[in-house]
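Novice: Have a look at the structure that comes next, please.
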Amino acid sequence: MSVSDGTNGQPVDGLMIRIERPRLDEWQTVWHGLTGTDGRLDRPSQPEDTPGPFRLILETGRYFTTLGMRPFYSHITVVFSEWETDQEIPIVIAPHGYAVSAVTP
């Protein structure tokens, strides 16, 4: 997984990301971490051996605020059904939008 800033084309450093799974009537965090200087998240292997869904939450509000921008999205949430350990998920964020895709090698 990698996150880039669409306003400057640079990797996003220090972005908090959570991975959640549904449990009963609510979502529960099963993993969290920060992106590194290369914008990558050292993601764990599949959090559980059961199939998805999973919810990925990027805490973008703090990131853009520290750059002096007022973001429209304080958090970006992406729900996906599969967790493929060899799948690359590039994400581009901007104060007023985002793009997510999945690339399988």
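Letters A, B, ... go to the chains of the structure tokens in the order shown; residues in each chain start at 1; ligands are counted from 1 in the same order.
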May I have the residues within 12 Å of stretch 66-80 of chain A as JSON, numbers by chain, using only C-alpha atoms and disregarding those fewer than 4 positions away in the same chain?
Specialist: {"A": [3, 5, 7, 8, 12, 13, 14, 15, 16, 17, 18, 19, 20, 21, 22, 27, 51, 52, 53, 54, 55, 56, 57, 58, 59, 60, 61, 62, 84, 89, 91, 92, 93, 94, 95, 96, 97, 98, 99, 100, 101, 102]}
Novice: Export C-alpha atoms of the chosen residues as a PDB file, in the first residue's frame?
Specialist:
ATOM      1  CA  VAL A   3      -0.099   6.920  -0.431  1.00  0.00           C
ATOM      2  CA  ASP A   5      -0.130  13.594  -2.191  1.00  0.00           C
ATOM      3  CA  THR A   7      -1.126  18.344  -4.729  1.00  0.00           C
ATOM      4  CA  ASN A   8       2.641  17.923  -4.925  1.00  0.00           C
ATOM      5  CA  VAL A  12       2.752  11.039   2.168  1.00  0.00           C
ATOM      6  CA  ASP A  13       4.840  10.643   5.328  1.00  0.00           C
ATOM      7  CA  GLY A  14       3.249  10.092   8.744  1.00  0.00           C
ATOM      8  CA  LEU A  15      -0.348   9.424   7.676  1.00  0.00           C
ATOM      9  CA  MET A  16      -2.266   7.331  10.211  1.00  0.00           C
ATOM     10  CA  ILE A  17      -4.106   4.396   8.626  1.00  0.00           C
ATOM     11  CA  ARG A  18      -6.421   1.922  10.325  1.00  0.00           C
ATOM     12  CA  ILE A  19      -7.724  -1.411   9.087  1.00  0.00           C
ATOM     13  CA  GLU A  20     -11.034  -2.524  10.530  1.00  0.00           C
ATOM     14  CA  ARG A  21     -13.270  -5.589  10.334  1.00  0.00           C
ATOM     15  CA  PRO A  22     -16.974  -5.902  11.125  1.00  0.00           C
ATOM     16  CA  TRP A  27     -16.375  -2.081  13.005  1.00  0.00           C
ATOM     17  CA  PRO A  51     -12.577 -13.418   4.086  1.00  0.00           C
ATOM     18  CA  GLY A  52     -13.450  -9.680   4.098  1.00  0.00           C
ATOM     19  CA  PRO A  53     -14.875  -7.184   4.126  1.00  0.00           C
ATOM     20  CA  PHE A  54     -12.203  -4.864   5.469  1.00  0.00           C
ATOM     21  CA  ARG A  55     -12.375  -1.118   5.975  1.00  0.00           C
ATOM     22  CA  LEU A  56      -9.352   1.074   5.387  1.00  0.00           C
ATOM     23  CA  ILE A  57      -9.451   4.494   7.074  1.00  0.00           C
ATOM     24  CA  LEU A  58      -6.948   7.205   6.184  1.00  0.00           C
ATOM     25  CA  GLU A  59      -6.815  10.101   8.643  1.00  0.00           C
ATOM     26  CA  THR A  60      -6.208  12.855   6.076  1.00  0.00           C
ATOM     27  CA  GLY A  61      -7.478  15.874   8.028  1.00  0.00           C
ATOM     28  CA  ARG A  62      -4.424  16.214  10.257  1.00  0.00           C
ATOM     29  CA  GLU A  84      -4.500 -10.047  -1.015  1.00  0.00           C
ATOM     30  CA  ILE A  89      -3.016  -0.553  -3.393  1.00  0.00           C
ATOM     31  CA  ILE A  91      -3.819   5.768  -3.118  1.00  0.00           C
ATOM     32  CA  VAL A  92      -3.617   9.417  -4.168  1.00  0.00           C
ATOM     33  CA  ILE A  93      -5.052  11.972  -1.755  1.00  0.00           C
ATOM     34  CA  ALA A  94      -5.793  15.670  -2.145  1.00  0.00           C
ATOM     35  CA  PRO A  95      -7.610  18.158   0.103  1.00  0.00           C
ATOM     36  CA  HIS A  96     -10.832  17.782  -1.943  1.00  0.00           C
ATOM     37  CA  GLY A  97     -10.607  14.295  -3.425  1.00  0.00           C
ATOM     38  CA  TYR A  98      -8.850  10.951  -3.645  1.00  0.00           C
ATOM     39  CA  ALA A  99      -8.254   8.021  -5.980  1.00  0.00           C
ATOM     40  CA  VAL A 100      -7.797   4.361  -5.049  1.00  0.00           C
ATOM     41  CA  SER A 101      -6.940   1.437  -7.280  1.00  0.00           C
ATOM     42  CA  ALA A 102      -5.731  -2.119  -6.791  1.00  0.00           C
TER      43      ALA A 102
END
Novice: So which residues touch A:Met1 within 6 Å, counting only C-alpha atoms, skipping near sequence neighbours fewer than 2 positions away, as a short mmCIF file (atom, residue, chain, number, x, y, z; two decimals) with C-alpha atoms, in the first residue's frame?
Specialist:
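Listing of part-v1.cif after writing:
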data_model
loop_
_atom_site.label_atom_id
_atom_site.label_comp_id
_atom_site.auth_asym_id
_atom_site.auth_seq_id
_atom_site.Cartn_x
_atom_site.Cartn_y
_atom_site.Cartn_z
CA ARG A 40 4.32 3.12 2.08
CA LEU A 41 2.59 1.31 4.85
CA GLU A 88 -0.50 -3.24 -4.35
CA ILE A 89 -3.02 -0.55 -3.39
CA PRO A 90 -1.86 2.88 -4.62
#
Novice: I need the residues in stretch 1-78 of chain A that are alpha helix (DSSP H) according to DSSP; give them as a list in words.
Specialist: Thr60, Gly61, Arg62, Tyr63, Phe64, Thr65 and Thr66 of chain A
Novice: Take the residues from that selection and write them out as a short mmCIF file (atom, residue, chain, number, x, y, z; two decimals), in the first residue's frame, keeping all heavy atoms.
Specialist:
data_model
loop_
_atom_site.label_atom_id
_atom_site.label_comp_id
_atom_site.auth_asym_id
_atom_site.auth_seq_id
_atom_site.Cartn_x
_atom_site.Cartn_y
_atom_site.Cartn_z
N THR A 60 -6.80 11.82 6.93
CA THR A 60 -6.21 12.85 6.08
C THR A 60 -6.33 14.27 6.63
O THR A 60 -5.56 15.15 6.24
CB THR A 60 -6.86 12.82 4.69
OG1 THR A 60 -8.28 12.93 4.84
CG2 THR A 60 -6.55 11.51 3.99
N GLY A 61 -7.27 14.52 7.51
CA GLY A 61 -7.48 15.87 8.03
C GLY A 61 -6.24 16.46 8.67
O GLY A 61 -5.83 17.58 8.37
N ARG A 62 -5.62 15.73 9.56
CA ARG A 62 -4.42 16.21 10.26
C ARG A 62 -3.28 16.44 9.28
O ARG A 62 -2.56 17.43 9.38
CB ARG A 62 -4.00 15.22 11.32
CG ARG A 62 -2.81 15.72 12.13
CD ARG A 62 -2.31 14.74 13.16
NE ARG A 62 -3.40 14.17 13.94
CZ ARG A 62 -3.30 12.99 14.53
NH1 ARG A 62 -2.22 12.27 14.43
NH2 ARG A 62 -4.31 12.52 15.23
N TYR A 63 -3.12 15.54 8.31
CA TYR A 63 -2.04 15.68 7.33
C TYR A 63 -2.15 17.00 6.57
O TYR A 63 -1.20 17.78 6.51
CB TYR A 63 -2.05 14.50 6.36
CG TYR A 63 -1.12 14.69 5.19
CD1 TYR A 63 0.25 14.54 5.35
CD2 TYR A 63 -1.60 15.05 3.94
CE1 TYR A 63 1.12 14.75 4.28
CE2 TYR A 63 -0.74 15.24 2.87
CZ TYR A 63 0.62 15.09 3.05
OH TYR A 63 1.47 15.30 1.99
N PHE A 64 -3.31 17.28 5.99
CA PHE A 64 -3.46 18.50 5.20
C PHE A 64 -3.46 19.76 6.06
O PHE A 64 -2.97 20.80 5.64
CB PHE A 64 -4.71 18.42 4.32
CG PHE A 64 -4.52 17.51 3.14
CD1 PHE A 64 -5.26 16.36 3.02
CD2 PHE A 64 -3.59 17.81 2.16
CE1 PHE A 64 -5.07 15.51 1.95
CE2 PHE A 64 -3.39 16.97 1.08
CZ PHE A 64 -4.14 15.82 0.97
N THR A 65 -3.99 19.67 7.27
CA THR A 65 -3.98 20.82 8.17
C THR A 65 -2.55 21.24 8.50
O THR A 65 -2.24 22.43 8.55
CB THR A 65 -4.77 20.51 9.45
OG1 THR A 65 -6.12 20.18 9.09
CG2 THR A 65 -4.79 21.69 10.40
N THR A 66 -1.67 20.26 8.71
CA THR A 66 -0.27 20.60 9.00
C THR A 66 0.43 21.25 7.81
O THR A 66 1.43 21.93 7.99
CB THR A 66 0.54 19.36 9.44
OG1 THR A 66 0.55 18.40 8.39
CG2 THR A 66 -0.01 18.74 10.71
#
Novice: Check chain A with DSSP on the backbone and list each residue it calls strand (DSSP E), as JSON, numbers by chain.
Specialist: {"A": [2, 3, 4, 5, 10, 11, 16, 17, 18, 19, 20, 21, 22, 23, 26, 27, 28, 29, 30, 31, 32, 33, 34, 54, 55, 56, 57, 58, 76, 77, 78, 79, 80, 90, 91, 92, 93, 94, 97, 98, 99, 100]}
Novice: In Å, how far is it from atom CA of A:Gln10 to atom CA of A:Trp31?
Specialist: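 These atoms are spaced 24.8 Å apart.
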